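S.K.: Below is the file coords.csv, which contains CSV, C-alpha atoms.
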```csv
chain,number,residue,atom,x,y,z
A,3,MET,CA,-7.2,70.9,22.1
A,4,ASP,CA,-6.3,72.5,18.8
A,5,VAL,CA,-3.6,75.2,19.0
A,6,LEU,CA,-4.2,76.7,15.5
A,7,PRO,CA,-7.1,76.5,13.0
A,8,ASP,CA,-6.5,73.9,10.3
A,9,ALA,CA,-6.3,76.6,7.6
A,10,THR,CA,-3.6,78.5,9.5
A,11,GLU,CA,-1.5,75.4,9.9
A,12,ARG,CA,-1.8,74.6,6.2
A,13,PHE,CA,-0.9,78.2,5.3
A,14,LEU,CA,2.2,78.0,7.5
A,15,ALA,CA,3.2,74.7,6.0
A,16,ALA,CA,2.7,75.9,2.5
A,17,THR,CA,4.7,79.1,3.0
A,18,ALA,CA,7.6,77.5,5.0
A,19,PRO,CA,11.1,77.4,3.4
A,20,GLU,CA,11.9,74.4,1.2
A,21,HIS,CA,14.2,71.8,2.7
A,22,THR,CA,17.8,71.5,1.4
A,23,ALA,CA,18.6,68.1,0.0
A,24,THR,CA,20.2,67.1,3.3
A,25,GLN,CA,17.3,68.4,5.4
A,26,ALA,CA,14.9,66.4,3.1
A,27,GLU,CA,16.9,63.2,3.9
A,28,MET,CA,16.7,64.1,7.6
A,29,ALA,CA,12.9,64.7,7.4
A,30,ALA,CA,12.4,61.4,5.6
A,31,LEU,CA,14.5,59.5,8.3
A,32,ALA,CA,12.4,61.2,11.0
A,33,ASP,CA,9.2,60.0,9.4
A,34,ASP,CA,10.7,56.5,9.1
A,35,TRP,CA,11.7,56.4,12.7
A,36,GLY,CA,8.7,58.3,14.1
A,37,PHE,CA,11.3,60.8,15.4
A,38,PRO,CA,10.1,64.3,16.2
A,39,ILE,CA,11.9,67.2,14.5
A,40,ILE,CA,11.2,70.9,14.8
A,41,GLY,CA,10.0,71.1,11.2
A,42,PRO,CA,10.4,73.9,8.5
A,43,GLU,CA,7.9,76.2,10.0
A,44,ALA,CA,9.8,76.6,13.3
A,45,GLY,CA,13.0,76.0,11.5
A,46,ALA,CA,12.4,79.2,9.6
A,47,VAL,CA,12.3,81.0,12.9
A,48,LEU,CA,15.6,79.4,14.0
A,49,ARG,CA,17.2,80.5,10.7
A,50,LEU,CA,15.9,84.1,11.2
A,51,LEU,CA,17.1,84.2,14.8
A,52,ALA,CA,20.6,83.2,13.8
A,53,ARG,CA,20.5,85.8,11.1
A,54,LEU,CA,19.2,88.6,13.4
A,55,THR,CA,21.8,87.8,16.1
A,56,ASP,CA,24.6,87.4,13.6
A,57,ALA,CA,25.2,84.2,15.4
A,58,ASP,CA,28.7,82.9,15.9
A,59,ARG,CA,28.1,80.1,18.5
A,60,VAL,CA,24.9,78.1,19.1
A,61,PHE,CA,24.4,75.5,21.8
A,62,GLU,CA,21.6,72.9,21.7
A,63,PHE,CA,20.2,70.9,24.6
A,64,GLY,CA,19.1,67.8,22.7
A,65,SER,CA,19.8,67.6,19.0
A,66,GLY,CA,18.9,64.1,17.8
A,67,PHE,CA,20.7,63.8,14.4
A,68,GLY,CA,21.1,67.5,14.0
A,69,TYR,CA,18.1,68.7,12.0
A,70,SER,CA,17.6,71.9,14.0
A,71,ALA,CA,21.3,72.7,13.7
A,72,THR,CA,20.9,72.9,9.9
A,73,TRP,CA,18.5,75.7,10.3
A,74,PHE,CA,20.9,77.7,12.4
A,75,LEU,CA,23.6,77.1,9.8
A,76,ARG,CA,21.3,78.3,7.1
A,77,GLY,CA,20.9,81.5,9.1
A,78,GLY,CA,24.7,82.0,9.0
A,79,ALA,CA,25.7,80.5,12.3
A,80,ASP,CA,29.4,79.7,12.4
A,81,ALA,CA,29.4,76.8,14.9
A,82,VAL,CA,26.7,74.7,16.5
A,83,ILE,CA,27.3,72.5,19.5
A,84,CYS,CA,24.9,69.6,19.4
A,85,THR,CA,24.2,67.4,22.4
A,86,GLU,CA,22.6,64.0,22.2
A,87,PHE,CA,22.3,61.2,24.8
A,88,ASP,CA,21.7,58.5,22.1
A,89,GLU,CA,25.0,57.6,20.5
A,90,ASP,CA,23.4,56.1,17.4
A,91,GLU,CA,21.5,59.3,16.7
A,92,ALA,CA,24.6,61.4,17.2
A,93,GLU,CA,26.6,59.2,14.9
A,94,ARG,CA,23.9,59.6,12.3
A,95,GLY,CA,24.1,63.3,12.7
A,96,VAL,CA,27.9,63.2,12.1
A,97,ARG,CA,27.2,61.4,8.9
A,98,PHE,CA,24.6,63.9,7.8
A,99,ALA,CA,27.0,66.7,8.5
A,100,ALA,CA,29.7,65.1,6.4
A,101,ASP,CA,27.3,64.3,3.5
A,102,GLY,CA,25.9,67.9,3.7
A,103,GLY,CA,29.3,69.5,3.7
A,104,TYR,CA,29.1,71.3,7.0
A,105,ALA,CA,31.0,68.9,9.3
A,106,ASP,CA,33.5,71.7,10.2
A,107,SER,CA,30.6,73.8,11.6
A,108,VAL,CA,29.0,71.2,13.9
A,109,THR,CA,30.2,69.4,17.0
A,110,PHE,CA,28.3,66.4,18.3
A,111,GLU,CA,28.7,65.7,22.1
A,112,VAL,CA,27.3,62.4,23.3
A,113,GLY,CA,26.0,62.4,26.8
A,114,ASP,CA,24.0,64.4,29.2
A,115,ALA,CA,23.5,68.0,27.8
A,116,MET,CA,23.5,69.4,31.4
A,117,GLU,CA,27.0,68.0,31.9
A,118,THR,CA,28.2,69.0,28.5
A,119,VAL,CA,27.3,72.7,28.8
A,120,GLU,CA,29.4,72.9,32.0
A,121,ARG,CA,32.5,72.2,29.8
A,122,TYR,CA,31.8,75.1,27.4
A,123,ASP,CA,32.5,78.7,28.1
A,124,GLY,CA,30.2,81.4,26.7
A,125,PRO,CA,29.3,83.5,25.2
A,126,PHE,CA,26.6,81.8,23.1
A,127,ASP,CA,24.5,83.8,20.7
A,128,VAL,CA,21.6,81.4,20.5
A,129,VAL,CA,20.6,78.4,22.6
A,130,LEU,CA,18.0,75.8,21.8
A,131,ILE,CA,16.4,73.8,24.7
A,132,ASP,CA,14.8,70.6,23.3
A,133,HIS,CA,15.6,67.8,25.7
A,134,GLN,CA,13.8,66.3,28.7
A,135,LYS,CA,10.9,68.7,29.4
A,136,GLY,CA,11.3,68.4,33.2
A,137,ARG,CA,14.8,69.8,32.9
A,138,TYR,CA,14.0,72.8,30.7
A,139,ALA,CA,14.0,75.3,33.6
A,140,GLU,CA,17.3,73.9,35.0
A,141,ALA,CA,18.9,74.2,31.5
A,142,TYR,CA,17.7,77.8,31.2
A,143,ARG,CA,19.1,78.8,34.6
A,144,THR,CA,22.4,77.0,33.8
A,145,VAL,CA,23.0,78.5,30.4
A,146,LEU,CA,21.7,82.0,30.9
A,147,PRO,CA,25.0,83.4,32.3
A,148,LYS,CA,26.7,82.1,29.2
A,149,VAL,CA,24.4,83.8,26.8
A,150,ARG,CA,25.5,87.3,25.7
A,151,THR,CA,23.2,90.3,26.1
A,152,GLY,CA,21.1,90.4,23.0
A,153,GLY,CA,21.4,86.6,22.6
A,154,VAL,CA,18.4,84.3,22.4
A,155,ILE,CA,17.2,81.2,24.1
A,156,VAL,CA,14.6,79.1,22.3
A,157,ALA,CA,12.5,76.3,23.9
A,158,ASP,CA,10.6,73.8,21.8
A,159,ASN,CA,7.3,71.8,22.5
A,160,ILE,CA,5.6,74.7,24.3
A,161,THR,CA,2.2,74.0,22.8
A,162,ARG,CA,2.4,70.5,21.4
A,163,GLY,CA,4.3,67.3,22.0
A,164,PRO,CA,4.4,65.0,25.0
A,165,ILE,CA,2.3,67.6,27.0
A,166,ASP,CA,-1.3,68.4,27.8
A,167,PHE,CA,-1.8,71.8,26.3
A,168,GLY,CA,-5.2,72.1,28.0
A,169,ASP,CA,-3.6,71.9,31.4
A,170,LEU,CA,-1.1,74.6,30.5
A,171,VAL,CA,-3.9,76.9,29.3
A,172,ALA,CA,-5.8,76.3,32.5
A,173,HIS,CA,-2.7,77.0,34.6
A,174,PHE,CA,-1.8,80.3,32.9
A,175,GLU,CA,-5.3,81.5,32.3
A,176,ASP,CA,-7.1,80.5,35.6
A,177,GLY,CA,-4.2,79.6,38.0
A,178,ALA,CA,-5.0,75.9,38.0
A,179,PRO,CA,-2.2,73.8,39.5
A,180,LEU,CA,0.3,72.1,37.2
A,181,PRO,CA,0.2,68.3,37.1
A,182,ASP,CA,2.0,66.3,39.7
A,183,PRO,CA,5.5,65.5,38.4
A,184,GLU,CA,5.0,61.8,39.0
A,185,VAL,CA,1.8,61.9,36.9
A,186,ASP,CA,2.8,64.2,34.0
A,187,GLY,CA,6.3,65.5,34.4
A,188,GLU,CA,6.5,66.8,30.8
A,189,THR,CA,3.5,69.2,31.1
A,190,ARG,CA,4.7,70.3,34.5
A,191,GLY,CA,8.2,70.9,33.1
A,192,ILE,CA,7.0,73.1,30.3
A,193,GLY,CA,4.7,75.0,32.6
A,194,GLU,CA,7.6,75.6,35.0
A,195,TYR,CA,9.8,76.7,32.1
A,196,VAL,CA,7.3,79.2,30.8
A,197,GLY,CA,6.7,80.5,34.3
A,198,THR,CA,10.4,80.9,34.9
A,199,VAL,CA,11.2,82.9,31.7
A,200,ARG,CA,8.1,85.1,32.1
A,201,SER,CA,9.1,86.1,35.6
A,202,ASP,CA,12.8,86.7,34.9
A,203,ASP,CA,13.6,90.4,34.2
A,204,ALA,CA,16.8,89.3,32.5
A,205,VAL,CA,14.9,88.2,29.4
A,206,GLU,CA,11.9,89.3,27.3
A,207,THR,CA,9.9,86.3,26.1
A,208,ALA,CA,7.3,85.7,23.3
A,209,ILE,CA,5.6,82.4,22.5
A,210,LEU,CA,5.2,81.6,18.8
A,211,PRO,CA,2.6,78.9,17.8
A,212,VAL,CA,4.7,77.5,15.0
A,213,GLY,CA,5.6,73.8,14.8
A,214,SER,CA,5.2,72.4,18.2
A,215,GLY,CA,5.3,75.9,19.7
A,216,ILE,CA,8.4,77.8,20.6
A,217,ALA,CA,9.2,80.2,23.4
A,218,VAL,CA,11.8,82.8,22.3
A,219,SER,CA,13.6,84.7,25.1
A,220,THR,CA,16.0,87.6,24.4
A,221,LYS,CA,18.5,88.4,27.1
A,222,VAL,CA,18.2,92.1,27.9
A,223,GLU,CA,20.5,92.3,31.0
```
Would you mind writing the file out in structure tokens?
M.R.:
Amino acid sequence: MDVLPDATERFLAATAPEHTATQAEMAALADDWGFPIIGPEAGAVLRLLARLTDADRVFEFGSGFGYSATWFLRGGADAVICTEFDEDEAERGVRFAADGGYADSVTFEVGDAMETVERYDGPFDVVLIDHQKGRYAEAYRTVLPKVRTGGVIVADNITRGPIDFGDLVAHFEDGAPLPDPEVDGETRGIGEYVGTVRSDDAVETAILPVGSGIAVSTKVE
């Protein structure tokens, strides 16, 4: 199922911000590895959110080699805490940070992001959730108390990625059940996440169909 018309996707790509030299290297590596990154269209939104929240501290659930962190930094964020289960990817991120001149602004934590976040006190100004899809809702519930009022939680892969977008449309449009977690845990996890943030009065949520689709939730209480 197509999320956006081809012309719209081409327009968004053509009008997205240019990569910095370091981001271009990251994007080339991602292409080489077949590694998914958020891309400049969604990256522009991350940059904007960091700017609008006057972000001091950002926490990421799942960072790879730190591509998304660079967009928060371009938006003026002072510090980004990156989490990554794969040690090689995290080490590559440390090297990118050193080469790009922002090593002092990024911390890479290797291990389970859910365990890492427990070791950090808030408040966070922006949070990115981009790890195992089946754990999105758990990550949201865990980190929400550490997000300041007016802060933002962003979740990636809402409309595209290792999910069946048609199943999500059917669920939210017609009430069709989400897939069994044993059959398609990724789609179920995204559906549960969207349902969780939509029903929580503590946040206001909008879904933006840029990149792989992002859900942006602002904490209002």
S.K.: Which one is closest to Gly193 of chain A: A:Asn159, A:Thr118, A:Thr151, A:Thr109? Count all atoms listed in the file.
M.R.: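 Counting all atoms listed in the file, the residue closest to Gly193 of chain A is A:Asn159.
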S.K.: Distance atom CA of Asp8 of chain A-atom CA of Gln134 of chain A, one decimal place?
M.R.: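 Taking atom CA of Asp8 of chain A as the start and atom CA of Gln134 of chain A as the end point, the length is 28.4 Å.
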S.K.: Which of these, A:Ala23, A:Val129, A:Val5, A:Leu51, has the shortest distance to Gly213 of chain A once you count only C-alpha atoms?
M.R.: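 Of A:Ala23, A:Val129, A:Val5, A:Leu51, the one nearest Gly213 of chain A is A:Val5, counting only C-alpha atoms.
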S.K.: For Gly187 of chain A, which residue among A:Gly152, A:Thr220, A:Glu140, A:Lys135 is the nearest when counting all atoms listed in the file?
M.R.: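 The answer is A:Lys135, which sits nearest to Gly187 of chain A.
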S.K.: Nearest to Asp186 of chain A among A:Ile165, A:Val205, A:Ala115, A:Ala172, with distances taken over all atoms listed in the file: which residue is it?
M.R.: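 Checking each candidate against Asp186 of chain A, we get A:Ile165 as the closest.
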S.K.: Got a sec to check which residues sit within 9 Å of (1.4, 76.1, 18.6), counting all atoms listed in the file, and write them as a list in words?
M.R.: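 The residues near that point, listed by chain and number, are Asp4, Val5, Leu6, Asn159, Ile160, Thr161, Arg162, Ile209, Leu210, Pro211, Val212, Gly213, Ser214, Gly215 and Ile216 of chain A.
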S.K.: Considering only C-alpha atoms, state which residue in the set A:Phe13, A:Tyr138, A:Trp73, A:Tyr104 is at the smallest distance from Ala157 of chain A.
M.R.: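 Checking each of A:Phe13, A:Tyr138, A:Trp73, A:Tyr104 against Ala157 of chain A, counting only C-alpha atoms, the winner is A:Tyr138.
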S.K.: Report, in Å with one decimal, the straight-line distance from atom CA of Val112 of chain A to atom CA of Phe74 of chain A.
M.R.: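 Distance reported for this atom pair: 19.8 Å.
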S.K.: For Ile155 of chain A, which residue among A:Phe37, A:Tyr142, A:Tyr122, A:Phe167 is the nearest when counting all atoms listed in the file?
M.R.: A:Tyr142
S.K.: Could you please determine the separation between atom CA of Thr17 of chain A and atom CA of Gly163 of chain A in Å, to one decimal place?
M.R.: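 Interatomic distance here is 22.4 Å.
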S.K.: I'd like the contact shell of Leu170 of chain A - 12 Å cut-off, all atoms listed in the file, skipping same-chain residues fewer than 4 positions apart - returned as a list in words.
M.R.: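 The filter keeps Met3, Val5, Asn159, Ile160, Thr161, Arg162, Ile165, Asp166, Phe174, Glu175, Asp176, Gly177, Ala178, Pro179, Leu180, Pro181, Asp186, Glu188, Thr189, Arg190, Gly191, Ile192, Gly193, Glu194, Tyr195, Val196 and Gly197 of chain A.
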S.K.: With all atoms listed in the file counted, which protein, DNA or RNA residues have an atom no more than 7 Å from (17.8, 82.1, 23.4) in the file frame? Please answer as a VMD selection string.
M.R.: chain A and resid 128 to 130 153 to 156 218 to 220
